[in-house]
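Undergrad: This is the content of target.pdb (PDB, C-alpha atoms):
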```
ATOM      1  CA  MET I   1      78.347  87.306 144.798  1.00  0.00           C
ATOM      2  CA  THR I   2      80.560  87.236 141.699  1.00  0.00           C
ATOM      3  CA  ARG I   3      81.150  83.788 140.239  1.00  0.00           C
ATOM      4  CA  PRO I   4      84.251  83.696 137.993  1.00  0.00           C
ATOM      5  CA  GLY I   5      84.586  81.005 135.380  1.00  0.00           C
ATOM      6  CA  ALA I   6      84.344  79.906 131.772  1.00  0.00           C
ATOM      7  CA  TYR I   7      81.365  79.063 129.597  1.00  0.00           C
ATOM      8  CA  VAL I   8      80.304  77.491 126.316  1.00  0.00           C
ATOM      9  CA  LEU I   9      77.595  79.622 124.699  1.00  0.00           C
ATOM     10  CA  LEU I  10      75.410  77.571 122.325  1.00  0.00           C
ATOM     11  CA  PHE I  11      73.541  79.185 119.447  1.00  0.00           C
ATOM     12  CA  GLY I  12      72.405  78.662 115.885  1.00  0.00           C
ATOM     13  CA  LEU I  13      72.006  80.410 112.555  1.00  0.00           C
ATOM     14  CA  ALA I  14      68.828  79.695 110.581  1.00  0.00           C
ATOM     15  CA  GLN I  15      70.533  80.475 107.251  1.00  0.00           C
ATOM     16  CA  ASP I  16      73.969  81.140 105.784  1.00  0.00           C
ATOM     17  CA  GLU I  17      75.143  84.630 106.725  1.00  0.00           C
ATOM     18  CA  GLU I  18      77.910  87.026 105.686  1.00  0.00           C
ATOM     19  CA  ILE I  19      78.813  89.111 108.714  1.00  0.00           C
ATOM     20  CA  GLU I  20      81.383  91.854 109.263  1.00  0.00           C
ATOM     21  CA  VAL I  21      83.386  90.716 112.304  1.00  0.00           C
ATOM     22  CA  GLY I  22      85.721  93.516 113.393  1.00  0.00           C
ATOM     23  CA  ARG I  23      89.310  93.012 112.238  1.00  0.00           C
ATOM     24  CA  LEU I  24      88.475  89.573 110.861  1.00  0.00           C
ATOM     25  CA  GLY I  25      86.560  91.333 108.074  1.00  0.00           C
ATOM     26  CA  THR I  26      83.546  89.864 106.310  1.00  0.00           C
ATOM     27  CA  VAL I  27      83.081  86.236 107.266  1.00  0.00           C
ATOM     28  CA  ARG I  28      80.676  83.699 105.752  1.00  0.00           C
ATOM     29  CA  PHE I  29      79.000  81.539 108.387  1.00  0.00           C
ATOM     30  CA  GLN I  30      77.104  78.387 107.477  1.00  0.00           C
ATOM     31  CA  ARG I  31      73.603  77.710 108.687  1.00  0.00           C
ATOM     32  CA  GLY I  32      73.769  75.475 111.723  1.00  0.00           C
ATOM     33  CA  HIS I  33      74.770  75.118 115.341  1.00  0.00           C
ATOM     34  CA  TYR I  34      77.711  76.789 117.052  1.00  0.00           C
ATOM     35  CA  GLY I  35      79.450  76.985 120.378  1.00  0.00           C
ATOM     36  CA  TYR I  36      81.578  79.855 121.630  1.00  0.00           C
ATOM     37  CA  VAL I  37      84.013  79.315 124.497  1.00  0.00           C
ATOM     38  CA  GLY I  38      84.624  82.345 126.680  1.00  0.00           C
ATOM     39  CA  SER I  39      85.824  83.420 130.088  1.00  0.00           C
ATOM     40  CA  ALA I  40      84.214  85.526 132.782  1.00  0.00           C
ATOM     41  CA  MET I  41      86.997  86.285 135.218  1.00  0.00           C
ATOM     42  CA  GLY I  42      86.338  90.024 135.642  1.00  0.00           C
ATOM     43  CA  SER I  43      83.764  92.032 137.517  1.00  0.00           C
ATOM     44  CA  GLY I  44      80.324  90.477 137.394  1.00  0.00           C
ATOM     45  CA  GLY I  45      81.675  87.028 136.531  1.00  0.00           C
ATOM     46  CA  LEU I  46      79.543  84.435 134.772  1.00  0.00           C
ATOM     47  CA  ASP I  47      76.203  86.068 135.524  1.00  0.00           C
ATOM     48  CA  ALA I  48      77.135  89.422 133.986  1.00  0.00           C
ATOM     49  CA  ARG I  49      78.984  88.006 130.982  1.00  0.00           C
ATOM     50  CA  ILE I  50      76.281  85.535 129.967  1.00  0.00           C
ATOM     51  CA  ALA I  51      73.526  88.114 130.557  1.00  0.00           C
ATOM     52  CA  ARG I  52      75.403  90.452 128.197  1.00  0.00           C
ATOM     53  CA  HIS I  53      75.553  87.771 125.501  1.00  0.00           C
ATOM     54  CA  LEU I  54      71.822  87.151 125.870  1.00  0.00           C
ATOM     55  CA  ARG I  55      70.878  90.845 125.519  1.00  0.00           C
ATOM     56  CA  ALA I  56      69.684  91.891 122.081  1.00  0.00           C
ATOM     57  CA  GLU I  57      70.826  95.507 122.430  1.00  0.00           C
ATOM     58  CA  LYS I  58      74.557  96.021 123.004  1.00  0.00           C
ATOM     59  CA  ASN I  59      77.595  97.622 121.440  1.00  0.00           C
ATOM     60  CA  CYS I  60      79.700  95.235 119.378  1.00  0.00           C
ATOM     61  CA  HIS I  61      82.906  94.886 121.384  1.00  0.00           C
ATOM     62  CA  TRP I  62      83.977  91.246 120.869  1.00  0.00           C
ATOM     63  CA  HIS I  63      83.915  89.030 117.755  1.00  0.00           C
ATOM     64  CA  ILE I  64      81.003  87.069 119.208  1.00  0.00           C
ATOM     65  CA  ASP I  65      78.838  90.216 119.488  1.00  0.00           C
ATOM     66  CA  HIS I  66      78.733  90.543 115.682  1.00  0.00           C
ATOM     67  CA  LEU I  67      77.659  86.934 115.218  1.00  0.00           C
ATOM     68  CA  LEU I  68      75.076  86.905 118.014  1.00  0.00           C
ATOM     69  CA  ALA I  69      73.265  89.831 116.367  1.00  0.00           C
ATOM     70  CA  ARG I  70      72.022  87.293 113.773  1.00  0.00           C
ATOM     71  CA  ALA I  71      71.891  84.142 115.896  1.00  0.00           C
ATOM     72  CA  SER I  72      69.386  82.412 118.121  1.00  0.00           C
ATOM     73  CA  VAL I  73      70.960  81.558 121.494  1.00  0.00           C
ATOM     74  CA  SER I  74      69.963  78.287 123.203  1.00  0.00           C
ATOM     75  CA  GLY I  75      71.866  78.922 126.405  1.00  0.00           C
ATOM     76  CA  ALA I  76      75.232  78.434 128.040  1.00  0.00           C
ATOM     77  CA  LEU I  77      77.127  75.770 129.901  1.00  0.00           C
ATOM     78  CA  GLU I  78      78.608  77.583 132.931  1.00  0.00           C
ATOM     79  CA  LEU I  79      81.788  76.337 134.572  1.00  0.00           C
ATOM     80  CA  GLU I  80      82.566  78.077 137.843  1.00  0.00           C
ATOM     81  CA  THR I  81      86.326  78.221 138.471  1.00  0.00           C
ATOM     82  CA  VAL I  82      89.073  80.696 139.363  1.00  0.00           C
ATOM     83  CA  THR I  83      91.415  78.960 136.891  1.00  0.00           C
ATOM     84  CA  ARG I  84      91.545  80.133 133.275  1.00  0.00           C
ATOM     85  CA  ILE I  85      90.257  77.090 131.376  1.00  0.00           C
ATOM     86  CA  GLU I  86      88.668  78.523 128.218  1.00  0.00           C
ATOM     87  CA  CYS I  87      91.606  77.465 126.021  1.00  0.00           C
ATOM     88  CA  ALA I  88      91.495  73.926 127.435  1.00  0.00           C
ATOM     89  CA  LEU I  89      87.735  73.798 126.769  1.00  0.00           C
ATOM     90  CA  SER I  90      88.115  74.970 123.188  1.00  0.00           C
ATOM     91  CA  ASP I  91      90.961  72.505 122.646  1.00  0.00           C
ATOM     92  CA  ALA I  92      88.871  69.672 124.116  1.00  0.00           C
ATOM     93  CA  LEU I  93      86.027  70.380 121.693  1.00  0.00           C
ATOM     94  CA  ASP I  94      88.546  70.436 118.834  1.00  0.00           C
ATOM     95  CA  ARG I  95      90.206  67.166 119.882  1.00  0.00           C
ATOM     96  CA  GLY I  96      86.883  65.427 120.436  1.00  0.00           C
ATOM     97  CA  LYS I  97      85.975  65.856 116.758  1.00  0.00           C
ATOM     98  CA  ALA I  98      82.455  66.810 117.829  1.00  0.00           C
ATOM     99  CA  SER I  99      82.971  70.127 116.079  1.00  0.00           C
ATOM    100  CA  THR I 100      85.098  71.968 113.535  1.00  0.00           C
ATOM    101  CA  THR I 101      86.790  75.372 113.454  1.00  0.00           C
ATOM    102  CA  PRO I 102      84.713  77.640 111.206  1.00  0.00           C
ATOM    103  CA  VAL I 103      86.857  80.810 111.543  1.00  0.00           C
ATOM    104  CA  ARG I 104      90.513  80.951 112.523  1.00  0.00           C
ATOM    105  CA  GLY I 105      91.259  83.568 115.180  1.00  0.00           C
ATOM    106  CA  PHE I 106      87.624  84.055 116.219  1.00  0.00           C
ATOM    107  CA  GLY I 107      87.529  85.015 119.899  1.00  0.00           C
ATOM    108  CA  SER I 108      91.160  84.054 120.376  1.00  0.00           C
ATOM    109  CA  SER I 109      93.069  87.254 119.653  1.00  0.00           C
ATOM    110  CA  ASP I 110      94.498  87.238 123.190  1.00  0.00           C
ATOM    111  CA  CYS I 111      95.741  83.630 123.202  1.00  0.00           C
ATOM    112  CA  ARG I 112      97.372  81.077 120.904  1.00  0.00           C
ATOM    113  CA  CYS I 113      94.252  79.007 120.213  1.00  0.00           C
ATOM    114  CA  ARG I 114      93.176  78.398 116.637  1.00  0.00           C
ATOM    115  CA  SER I 115      89.696  79.665 117.533  1.00  0.00           C
ATOM    116  CA  HIS I 116      87.191  79.821 120.389  1.00  0.00           C
ATOM    117  CA  LEU I 117      84.280  79.347 117.980  1.00  0.00           C
ATOM    118  CA  ARG I 118      83.147  75.789 117.224  1.00  0.00           C
ATOM    119  CA  TYR I 119      80.750  74.572 114.514  1.00  0.00           C
ATOM    120  CA  PHE I 120      78.616  71.504 115.303  1.00  0.00           C
ATOM    121  CA  GLY I 121      76.868  71.105 111.947  1.00  0.00           C
ATOM    122  CA  ALA I 122      73.798  72.096 110.001  1.00  0.00           C
ATOM    123  CA  SER I 123      71.596  69.048 110.320  1.00  0.00           C
ATOM    124  CA  ASP I 124      68.225  69.459 111.952  1.00  0.00           C
ATOM    125  CA  LEU I 125      69.783  69.407 115.344  1.00  0.00           C
ATOM    126  CA  ASP I 126      68.441  67.272 118.001  1.00  0.00           C
ATOM    127  CA  GLU I 127      68.305  70.194 120.468  1.00  0.00           C
ATOM    128  CA  ASP I 128      70.759  68.580 122.832  1.00  0.00           C
ATOM    129  CA  ALA I 129      73.541  67.576 120.421  1.00  0.00           C
ATOM    130  CA  ALA I 130      75.638  70.718 120.838  1.00  0.00           C
ATOM    131  CA  GLY I 131      74.965  70.686 124.575  1.00  0.00           C
ATOM    132  CA  ARG I 132      76.212  67.127 124.849  1.00  0.00           C
ATOM    133  CA  ALA I 133      79.361  68.033 122.910  1.00  0.00           C
ATOM    134  CA  ALA I 134      79.978  71.011 125.179  1.00  0.00           C
ATOM    135  CA  ARG I 135      79.524  68.862 128.272  1.00  0.00           C
ATOM    136  CA  LEU I 136      82.136  66.435 126.932  1.00  0.00           C
ATOM    137  CA  ALA I 137      84.617  69.297 126.966  1.00  0.00           C
ATOM    138  CA  VAL I 138      84.169  69.601 130.717  1.00  0.00           C
ATOM    139  CA  LEU I 139      85.732  66.173 131.136  1.00  0.00           C
ATOM    140  CA  ALA I 140      88.973  67.475 129.617  1.00  0.00           C
ATOM    141  CA  ALA I 141      89.166  70.542 131.872  1.00  0.00           C
ATOM    142  CA  PRO I 142      91.390  69.885 134.882  1.00  0.00           C
ATOM    143  CA  GLY I 143      89.626  70.082 138.237  1.00  0.00           C
ATOM    144  CA  LEU I 144      86.091  70.286 136.870  1.00  0.00           C
ATOM    145  CA  GLU I 145      83.518  67.604 137.320  1.00  0.00           C
ATOM    146  CA  SER I 146      80.495  69.281 135.786  1.00  0.00           C
ATOM    147  CA  GLY I 147      78.912  72.495 134.696  1.00  0.00           C
ATOM    148  CA  ALA I 148      75.486  74.078 135.037  1.00  0.00           C
ATOM    149  CA  TRP I 149      73.219  74.673 132.048  1.00  0.00           C
ATOM    150  CA  ARG I 150      71.566  78.097 131.777  1.00  0.00           C
ATOM    151  CA  ALA I 151      68.870  78.181 129.104  1.00  0.00           C
ATOM    152  CA  ALA I 152      68.195  81.385 127.208  1.00  0.00           C
ATOM    153  CA  SER I 153      64.734  82.644 128.069  1.00  0.00           C
ATOM    154  CA  GLY I 154      62.210  83.566 125.411  1.00  0.00           C
TER
END
```
Please go through the file and, once you have read it, give me the structure as structure tokens.

TA:
Amino acid sequence: MTRPGAYVLLFGLAQDEEIEVGRLGTVRFQRGHYGYVGSAMGSGGLDARIARHLRAEKNCHWHIDHLLARASVSGALELETVTRIECALSDALDRGKASTTPVRGFGSSDCRCRSHLRYFGASDLDEDAAGRAARLAVLAAPGLESGAWRAASG
């Protein structure tokens, strides 16, 4: 059964990186912890979209694909819904000051959001800090009470 929804993918970079990101060009990313807000409304829903992000081998189609090639993924907060909420989630993370916008226009070429990529910081992360920030975003999404955490395996 296909489960449509939105998600916050959590990942980190072990060192500063310069990465070619499609039309955004070469972007410098700081070492640290990131969250990417996306939607999974099409065929396959959340299961297919998150599985794609977790695969090492894939064609680079979206901005996030370029970044994930160098990142270590922790997992994803899945939010099952038929309503498009990814912009509200990204906005909630921005308003909550738990994160900053590292790259304008990243993952948001089809909406008016500043970015769907969030930066949580470079400190030796208590593993759950980014996860807690992502869960706070759920509170700002209309009609959602919680999400399910899917850890990246291996």

Undergrad: Might you spell out which residues the PyMOL selection byres ((chain I and resi 10) around 10) would select in the displayed file, as an MDAnalysis selection string?

TA: chainID I and resid 7:9 11:12 33:37 71:77 118:120 130:131 134 151:152

Undergrad: So, with only C-alpha atoms as the atoms that count, which of I:Leu93, I:Cys60, I:Leu13, I:Ile19 lies closest to His116 in chain I?

TA: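 Closest candidate: I:Leu93.
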
Undergrad: Which of these residues is nearest to Arg23 in chain I, using all atoms listed in the file: I:Arg3, I:Arg95, I:His63, I:Arg112?

TA: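 Distance minimum relative to Arg23 in chain I lands on I:His63.
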
Undergrad: Once the PyMOL selection byres ((chain I and resi 81) around 9) is applied to the coordinates I shared, what remains selected? I want it as a list in words.

TA: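 Residues picked by the PyMOL selection byres ((chain I and resi 81) around 9): Arg3, Pro4, Gly5, Ala6, Met41, Leu79, Glu80, Val82, Thr83, Arg84, Ile85, Gly143 and Leu144 of chain I.
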
Undergrad: Could you tell me how far CA of Gly45 in chain I lies from CA of Ser109 in chain I, in Å and to one decimal?

TA: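 That distance, rounded to one decimal, is 20.4 Å.
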
Undergrad: How far is it from CA of Cys87 in chain I to CA of Glu18 in chain I, in Å with one decimal?

TA: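 That distance, rounded to one decimal, is 26.3 Å.
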
Undergrad: Enter the distance from CA of Cys113 in chain I to CA of Asn59 in chain I, in Å, rounded to one decimal.

TA: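 A separation of 25.0 Å between them.
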
Undergrad: Might you spell out which residues the PyMOL selection byres ((chain I and resi 24-30) around 8) would select in the displayed file, as a list of chain:residue names?

TA: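 Expected selection for the PyMOL selection byres ((chain I and resi 24-30) around 8) here is I:Leu13, I:Gln15, I:Asp16, I:Glu17, I:Glu18, I:Ile19, I:Glu20, I:Val21, I:Gly22, I:Arg23, I:Arg31, I:Gly32, I:Pro102, I:Val103, I:Gly105, I:Phe106, I:Ala122.
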
Undergrad: Name the closest residue to Ser90 in chain I among the candidates I:Ala14, I:Leu67, I:Cys111, I:Leu117; distances are taken between atoms, counting only C-alpha atoms.

TA: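 Going through I:Ala14, I:Leu67, I:Cys111, I:Leu117 one by one, the smallest distance to Ser90 in chain I is for I:Leu117.
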